[in-house]
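Heads up, entry15.cif below (mmCIF, C-alpha atoms):
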data_protein
loop_
_atom_site.label_atom_id
_atom_site.label_comp_id
_atom_site.auth_asym_id
_atom_site.auth_seq_id
_atom_site.Cartn_x
_atom_site.Cartn_y
_atom_site.Cartn_z
CA ALA A 20 -147.09 48.89 -52.09
CA ARG A 21 -144.75 49.05 -55.06
CA GLY A 22 -141.10 48.17 -55.43
CA THR A 23 -138.96 45.12 -54.73
CA GLU A 24 -138.45 43.23 -51.50
CA ILE A 25 -135.11 41.47 -51.02
CA VAL A 26 -134.72 38.95 -48.21
CA LEU A 27 -131.22 37.90 -47.14
CA HIS A 28 -130.62 34.67 -45.25
CA LEU A 29 -127.34 34.93 -43.35
CA LYS A 30 -125.10 32.12 -42.18
CA PRO A 31 -124.33 32.07 -38.44
CA GLU A 32 -120.77 33.34 -39.01
CA ALA A 33 -122.19 36.38 -40.81
CA ALA A 34 -124.40 37.44 -37.92
CA LYS A 35 -122.41 40.65 -37.44
CA TYR A 36 -124.14 42.05 -40.54
CA LEU A 37 -127.36 42.17 -38.54
CA GLU A 38 -125.84 44.57 -36.03
CA ALA A 39 -127.17 48.12 -36.45
CA TYR A 40 -123.70 49.72 -36.28
CA GLU A 41 -122.38 47.38 -39.01
CA ILE A 42 -125.32 48.16 -41.29
CA GLU A 43 -124.77 51.89 -40.72
CA ARG A 44 -121.05 51.53 -41.44
CA ILE A 45 -121.65 49.78 -44.77
CA VAL A 46 -124.37 52.19 -45.87
CA GLY A 47 -122.24 55.16 -44.83
CA ALA A 48 -119.23 53.88 -46.77
CA TYR A 49 -120.91 52.85 -50.02
CA SER A 50 -124.38 54.37 -50.30
CA ASP A 51 -124.37 57.56 -48.27
CA ASN A 52 -124.75 59.76 -51.35
CA ILE A 53 -127.27 57.90 -53.52
CA GLN A 54 -130.36 59.99 -54.21
CA PHE A 55 -132.70 57.71 -52.25
CA GLY A 56 -133.03 57.65 -48.48
CA ILE A 57 -132.15 54.40 -46.70
CA GLU A 58 -134.05 53.77 -43.48
CA LEU A 59 -133.01 51.41 -40.71
CA VAL A 60 -135.90 49.79 -38.86
CA PRO A 61 -134.65 48.68 -35.43
CA GLU A 62 -136.22 45.93 -33.34
CA GLU A 63 -137.32 48.67 -30.96
CA GLY A 64 -137.97 52.30 -31.74
CA GLU A 65 -138.83 54.29 -34.85
CA PRO A 66 -137.27 53.88 -38.31
CA ARG A 67 -134.53 56.42 -39.06
CA GLN A 68 -132.70 57.43 -42.21
CA ILE A 69 -129.02 56.41 -42.08
CA ASN A 70 -127.69 57.99 -45.27
CA SER A 71 -127.49 61.64 -46.28
CA ALA A 72 -128.97 60.99 -49.78
CA SER A 73 -127.22 64.12 -51.02
CA ALA A 74 -124.00 64.16 -53.04
CA LEU A 75 -122.63 67.65 -52.55
CA TRP A 76 -120.42 67.37 -55.65
CA GLN A 77 -123.54 66.93 -57.80
CA ARG A 78 -125.04 70.22 -56.65
CA PRO A 79 -124.42 73.52 -58.51
CA LYS A 80 -121.63 75.72 -57.14
CA SER A 81 -124.12 78.58 -56.84
CA GLU A 82 -125.99 76.66 -54.11
CA LEU A 83 -122.91 76.03 -51.96
CA LYS A 84 -121.11 78.14 -49.38
CA PRO A 85 -117.49 77.98 -48.16
CA GLU A 86 -118.62 76.21 -45.00
CA ASP A 87 -120.32 73.52 -47.13
CA TYR A 88 -117.03 72.84 -48.89
CA ALA A 89 -115.10 72.86 -45.60
CA GLY A 90 -117.51 70.32 -44.13
CA ALA A 91 -117.33 68.13 -47.24
CA TYR A 92 -113.51 68.21 -47.16
CA LYS A 93 -113.37 67.09 -43.54
CA SER A 94 -115.90 64.33 -44.21
CA ILE A 95 -114.38 63.02 -47.45
CA ALA A 96 -110.73 63.29 -46.40
CA GLY A 97 -111.20 62.51 -42.71
CA ALA A 98 -109.23 65.69 -42.02
CA PHE A 99 -109.30 68.34 -39.31
CA ASP A 100 -107.64 71.26 -41.12
CA GLU A 101 -109.20 73.63 -43.65
CA PRO A 102 -108.78 73.10 -47.40
CA ALA A 103 -106.13 75.28 -49.04
CA MET A 104 -107.68 74.80 -52.48
CA THR A 105 -111.10 73.66 -53.72
CA LEU A 106 -111.82 72.53 -57.26
CA HIS A 107 -115.46 71.81 -58.10
CA TYR A 108 -116.78 71.39 -61.63
CA ARG A 109 -118.76 69.11 -63.90
CA ALA A 110 -117.45 67.80 -67.21
CA GLU A 111 -119.98 67.26 -69.98
CA GLY A 112 -119.46 65.87 -73.46
CA ARG A 113 -118.41 62.44 -74.62
CA TYR A 114 -117.92 61.50 -70.96
CA SER A 115 -119.78 63.04 -68.04
CA TYR A 116 -118.37 63.23 -64.54
CA ALA A 117 -118.46 65.46 -61.48
CA VAL A 118 -115.28 66.54 -59.68
CA LEU A 119 -114.82 67.82 -56.14
CA LEU A 120 -111.17 68.00 -55.10
CA PHE A 121 -109.29 69.64 -52.23
CA ALA A 122 -105.70 70.40 -51.38
CA PRO A 123 -104.99 70.28 -47.63
CA SER A 124 -103.55 73.25 -45.78
CA THR A 125 -101.30 70.98 -43.71
CA LYS A 126 -98.99 68.20 -44.87
CA PRO A 127 -100.59 64.71 -44.60
CA PHE A 128 -98.60 62.25 -42.49
CA ASP A 129 -98.45 59.71 -45.35
CA LEU A 130 -97.23 62.14 -48.01
CA PHE A 131 -93.91 60.37 -48.51
CA GLU A 132 -94.96 56.76 -48.03
CA PRO A 133 -93.17 54.43 -50.51
CA ALA A 134 -96.38 53.35 -52.28
CA ARG A 135 -97.12 57.01 -53.25
CA LYS A 136 -100.83 56.21 -53.53
CA GLY A 137 -103.49 58.80 -54.26
CA LYS A 138 -106.51 59.35 -52.04
CA VAL A 139 -109.16 60.46 -54.54
CA LYS A 140 -112.33 58.35 -54.35
CA LEU A 141 -114.07 56.99 -57.44
CA TYR A 142 -117.86 56.98 -57.48
CA VAL A 143 -120.18 55.79 -60.24
CA ARG A 144 -123.55 57.55 -60.20
CA ARG A 145 -123.13 58.44 -56.51
CA VAL A 146 -122.15 54.90 -55.46
CA PHE A 147 -118.68 54.50 -53.95
CA ILE A 148 -116.47 52.12 -55.96
CA THR A 149 -112.87 52.45 -54.72
CA ASP A 150 -110.25 54.84 -53.37
CA ASP A 151 -107.50 52.92 -55.20
CA ALA A 152 -108.13 53.80 -58.85
CA ASP A 153 -105.05 56.05 -59.38
CA LEU A 154 -107.24 58.90 -60.60
CA LEU A 155 -104.36 61.38 -60.43
CA PRO A 156 -100.60 60.96 -61.01
CA ALA A 157 -98.45 60.11 -57.98
CA TYR A 158 -97.04 63.64 -57.74
CA LEU A 159 -100.57 64.92 -56.98
CA ARG A 160 -101.17 62.37 -54.21
CA PHE A 161 -101.78 65.13 -51.64
CA ILE A 162 -105.08 65.97 -53.39
CA ARG A 163 -108.20 64.60 -51.70
CA GLY A 164 -111.74 64.37 -52.99
CA VAL A 165 -114.25 62.63 -55.24
CA ILE A 166 -114.69 61.93 -58.94
CA ASP A 167 -118.17 60.66 -59.84
CA SER A 168 -118.57 59.11 -63.31
CA GLU A 169 -121.83 58.69 -65.21
CA ASP A 170 -120.34 56.34 -67.82
CA LEU A 171 -118.55 53.56 -65.94
CA PRO A 172 -120.47 50.39 -64.97
CA LEU A 173 -121.25 49.89 -61.29
CA ASN A 174 -119.67 46.42 -61.31
CA ILE A 175 -116.36 47.54 -62.78
CA SER A 176 -113.43 45.39 -61.61
CA ARG A 177 -109.87 46.40 -60.72
CA GLU A 178 -108.63 44.93 -64.01
CA MET A 179 -111.25 46.87 -65.98
CA LEU A 180 -110.28 50.08 -64.19
CA GLN A 181 -106.69 49.74 -65.35
CA LEU A 182 -107.72 49.28 -68.97
CA SER A 183 -110.74 51.57 -69.14
CA PRO A 184 -110.51 54.28 -71.85
CA VAL A 185 -113.17 56.23 -69.97
CA LEU A 186 -111.01 56.37 -66.86
CA ALA A 187 -107.94 57.29 -68.92
CA LYS A 188 -109.79 60.32 -70.32
CA ILE A 189 -111.00 61.29 -66.86
CA ARG A 190 -107.45 61.07 -65.45
CA ALA A 191 -106.05 63.27 -68.21
CA GLY A 192 -108.82 65.86 -67.95
CA VAL A 193 -108.76 66.14 -64.17
CA THR A 194 -104.95 66.32 -64.04
CA GLU A 195 -105.02 69.18 -66.54
CA HIS A 196 -107.62 71.03 -64.44
CA VAL A 197 -105.66 70.58 -61.20
CA LEU A 198 -102.38 71.81 -62.73
CA SER A 199 -104.12 74.77 -64.35
CA ASP A 200 -105.66 75.76 -61.02
CA LEU A 201 -102.34 75.41 -59.20
CA GLY A 202 -100.67 77.59 -61.84
CA LYS A 203 -103.26 80.33 -61.30
CA ARG A 204 -102.88 80.17 -57.50
CA ALA A 205 -99.09 80.27 -57.66
CA GLY A 206 -99.18 84.05 -57.91
CA GLU A 207 -101.12 84.50 -54.68
CA ALA A 208 -99.47 85.77 -51.52
CA ASP A 209 -100.06 82.64 -49.44
CA TYR A 210 -98.63 80.26 -52.06
CA ALA A 211 -95.24 80.10 -50.30
CA GLU A 212 -96.78 78.13 -47.42
CA PHE A 213 -98.49 75.77 -49.84
CA TRP A 214 -95.20 75.29 -51.70
CA ALA A 215 -93.34 74.54 -48.48
CA ASN A 216 -95.77 71.68 -47.82
CA PHE A 217 -96.15 70.19 -51.27
CA GLY A 218 -93.37 71.61 -53.46
CA PRO A 219 -91.05 68.58 -53.19
CA VAL A 220 -93.93 66.33 -54.32
CA LEU A 221 -94.89 68.56 -57.24
CA LYS A 222 -91.26 68.57 -58.41
CA GLU A 223 -91.50 64.81 -58.90
CA GLY A 224 -93.80 65.57 -61.84
CA LEU A 225 -91.06 67.46 -63.68
CA TYR A 226 -89.28 64.19 -64.44
CA GLU A 227 -92.25 61.82 -64.30
CA ASP A 228 -94.76 63.67 -66.49
CA ARG A 229 -93.04 65.26 -69.48
CA GLU A 230 -96.36 65.94 -71.21
CA SER A 231 -97.45 68.23 -68.36
CA ARG A 232 -94.14 70.04 -67.83
CA ALA A 233 -95.33 73.32 -69.34
CA GLU A 234 -98.28 73.49 -66.92
CA LEU A 235 -96.18 72.24 -64.01
CA PHE A 236 -93.59 74.98 -64.49
CA LYS A 237 -96.33 77.57 -63.91
CA ALA A 238 -96.85 76.13 -60.42
CA VAL A 239 -93.27 75.19 -59.51
CA ARG A 240 -91.11 77.63 -57.53
CA PHE A 241 -87.37 77.83 -56.89
CA ARG A 242 -84.84 79.52 -54.65
CA SER A 243 -82.61 82.06 -56.37
CA THR A 244 -79.47 84.03 -55.56
CA ALA A 245 -81.33 87.12 -56.81
CA GLY A 246 -83.39 87.38 -53.62
CA ASP A 247 -84.73 85.64 -50.56
CA GLY A 248 -88.15 84.73 -51.94
CA LEU A 249 -89.29 82.04 -54.33
CA VAL A 250 -89.25 82.63 -58.08
CA SER A 251 -90.87 80.93 -61.04
CA LEU A 252 -89.00 79.72 -64.11
CA ALA A 253 -90.64 82.57 -66.05
CA ASP A 254 -89.27 85.08 -63.50
CA TYR A 255 -85.78 83.68 -63.94
CA VAL A 256 -85.96 83.70 -67.74
CA GLY A 257 -87.34 87.25 -67.68
CA ARG A 258 -84.18 88.62 -66.07
CA MET A 259 -81.62 86.68 -68.10
CA ARG A 260 -78.90 88.81 -69.65
CA PRO A 261 -78.95 89.42 -73.41
CA GLY A 262 -77.36 86.46 -75.17
CA GLN A 263 -77.64 84.16 -72.16
CA GLU A 264 -79.03 80.75 -73.02
#

For the file at hand, write its structure as structure tokens.
Amino acid sequence: ARGTEIVLHLKPEAAKYLEAYEIERIVGAYSDNIQFGIELVPEEGEPRQINSASALWQRPKSELKPEDYAGAYKSIAGAFDEPAMTLHYRAEGRYSYAVLLFAPSTKPFDLFEPARKGKVKLYVRRVFITDDADLLPAYLRFIRGVIDSEDLPLNISREMLQLSPVLAKIRAGVTEHVLSDLGKRAGEADYAEFWANFGPVLKEGLYEDRESRAELFKAVRFRSTAGDGLVSLADYVGRMRPGQE
């Protein structure tokens, strides 16, 4: 046999970590997507693999179907609705990372909690690190999903996350992609429902993120006395009278 054998000696108060359900919980939370299968050998019965060993966000888009994305959204976000928007791509260059993000079709119950925390999970080479890395600005906190970096160390601490130039570049790049995608979808017929759910949150970005205002205005909609529907800032400017500022 080849490989490494690791033997853990547990203190009596740590005996819960020998329970099968606790082992499955830990593996499912942190190592479900690594590219090697993890088998649990029970005291009785046959060994069985307890992780999926397949990170969907690392697979090419051409291999995936809408139902694959819907299943991944429900698993990653712990949701029961269908995703209103899916963003899946891989960034290559100075920094490499995979992105799989979703916008819900229904408003999350914690959308307006005071902490305004995001729910995007940070992975490093398929290993779960944290869901508290502030990977997107607070006004995009309704976005759910995964960002998987190839460049960060697996033992990165909370303090290192806050200061990491790699993570800063990832934040900026992913935010730009999300806003660009929202701007493209803003012209679709079903955008009014999306705006009703998340418009007030997106508007926070207009005064919090001045650098992204131009992209944000492509996605933001307003009420107008000119009609009953929603209009964009570009629509409003397009029908200004000559000489009106």

For this structure, which residues satisfy the selection - the PyMOL selection byres ((chain A and resi 27-43) around 12) - when it is evaluated on the file as given? I want them as number ranges by chain.
A: 24-26, 44-51, 57-63, 66-71

Output file for the selection above: C-alpha atoms, as a PDB file, in the coordinates of the input:
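Full text of part.pdb as output:
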ATOM      1  CA  GLU A  24    -138.450  43.230 -51.500  1.00  0.00           C
ATOM      2  CA  ILE A  25    -135.110  41.470 -51.020  1.00  0.00           C
ATOM      3  CA  VAL A  26    -134.720  38.950 -48.210  1.00  0.00           C
ATOM      4  CA  ARG A  44    -121.050  51.530 -41.440  1.00  0.00           C
ATOM      5  CA  ILE A  45    -121.650  49.780 -44.770  1.00  0.00           C
ATOM      6  CA  VAL A  46    -124.370  52.190 -45.870  1.00  0.00           C
ATOM      7  CA  GLY A  47    -122.240  55.160 -44.830  1.00  0.00           C
ATOM      8  CA  ALA A  48    -119.230  53.880 -46.770  1.00  0.00           C
ATOM      9  CA  TYR A  49    -120.910  52.850 -50.020  1.00  0.00           C
ATOM     10  CA  SER A  50    -124.380  54.370 -50.300  1.00  0.00           C
ATOM     11  CA  ASP A  51    -124.370  57.560 -48.270  1.00  0.00           C
ATOM     12  CA  ILE A  57    -132.150  54.400 -46.700  1.00  0.00           C
ATOM     13  CA  GLU A  58    -134.050  53.770 -43.480  1.00  0.00           C
ATOM     14  CA  LEU A  59    -133.010  51.410 -40.710  1.00  0.00           C
ATOM     15  CA  VAL A  60    -135.900  49.790 -38.860  1.00  0.00           C
ATOM     16  CA  PRO A  61    -134.650  48.680 -35.430  1.00  0.00           C
ATOM     17  CA  GLU A  62    -136.220  45.930 -33.340  1.00  0.00           C
ATOM     18  CA  GLU A  63    -137.320  48.670 -30.960  1.00  0.00           C
ATOM     19  CA  PRO A  66    -137.270  53.880 -38.310  1.00  0.00           C
ATOM     20  CA  ARG A  67    -134.530  56.420 -39.060  1.00  0.00           C
ATOM     21  CA  GLN A  68    -132.700  57.430 -42.210  1.00  0.00           C
ATOM     22  CA  ILE A  69    -129.020  56.410 -42.080  1.00  0.00           C
ATOM     23  CA  ASN A  70    -127.690  57.990 -45.270  1.00  0.00           C
ATOM     24  CA  SER A  71    -127.490  61.640 -46.280  1.00  0.00           C
TER      25      SER A  71
END

Taking the file as shown, find all residues satisfying the PyMOL selection byres ((chain A and resi 219) around 12) and write them as a VMD selection string.
chain A and resid 126 130 to 131 158 to 161 213 to 218 220 to 225 238 to 241

Which residues fall under the PyMOL selection byres ((chain A and resi 246-254) around 10) in this file, as a ChimeraX atom specification?
/A:205-206,210-211,214,236-245,255-259

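Across the structure, CA of Asp150 in chain A and CA of Arg163 in chain A are spaced 10.1 Å apart.
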
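When CA of Ala187 in chain A is paired with CA of Pro102 in chain A, their separation reads 26.7 Å.
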
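Going from CA of Asn174 in chain A to CA of Phe147 in chain A covers 11.0 Å.
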
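Using only C-alpha atoms, the smallest distance between any of A:Pro261, A:Gln181, A:Ile175, A:Phe128 and Asp153 in chain A comes from A:Gln181.
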
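Nearest residue to Arg177 in chain A among A:Leu141, A:Ala98, A:Ala233, A:Met104 is A:Leu141, counting all atoms listed in the file.
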
Padding 6 Å on each side, edges along x, y and z: where is the centre of the box around the listed atoms of range 166-182 of chain A, and how long are its edges in Å to one decimal? Output it as AutoDock Vina command-line options.
--center_x -114.3 --center_y 53.4 --center_z -64.0 --size_x 27.1 --size_y 29.0 --size_z 22.0

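Minimum atom-to-atom distances from A:Asn52, A:Ser94, A:Gln263, A:Ser183 to Val146 in chain A were compared using only C-alpha atoms, and the lowest value belongs to A:Asn52.
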
Compile the contact shell of Ala91 in chain A as a PyMOL selection string: residues with an atom at most 12 Å away, counting only C-alpha atoms, same-chain residues fewer than 3 positions apart removed.
chain A and resi 52+73-76+83-88+94-102+105+107+119-121+163-165

Pick from A:Glu234, A:Glu264, A:Glu227, A:Glu178 nearest to Ala152 in chain A, counting all atoms listed in the file:
A:Glu178

Compute the distance from (-118.0, 52.4, -59.1) to each atom, counting all atoms listed in the file, keep the residues with any atom at most 9 Å away, and return them as JSON, numbers by chain; use the coordinates of the file.
{"A": [141, 142, 143, 144, 145, 146, 147, 148, 149, 167, 168, 171, 172, 173, 174, 175, 176]}

Those same residues - C-alpha atoms - I'd like them written as a compact mmCIF listing (two decimals), in the frame of the given file.
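Result went into selection.txt, see below:
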# COMPACT_ATOMS: atom_id res chain seq x y z
CA LEU A 141 -114.07 56.99 -57.44
CA TYR A 142 -117.86 56.98 -57.48
CA VAL A 143 -120.18 55.79 -60.24
CA ARG A 144 -123.55 57.55 -60.20
CA ARG A 145 -123.13 58.44 -56.51
CA VAL A 146 -122.15 54.90 -55.46
CA PHE A 147 -118.68 54.50 -53.95
CA ILE A 148 -116.47 52.12 -55.96
CA THR A 149 -112.87 52.45 -54.72
CA ASP A 167 -118.17 60.66 -59.84
CA SER A 168 -118.57 59.11 -63.31
CA LEU A 171 -118.55 53.56 -65.94
CA PRO A 172 -120.47 50.39 -64.97
CA LEU A 173 -121.25 49.89 -61.29
CA ASN A 174 -119.67 46.42 -61.31
CA ILE A 175 -116.36 47.54 -62.78
CA SER A 176 -113.43 45.39 -61.61
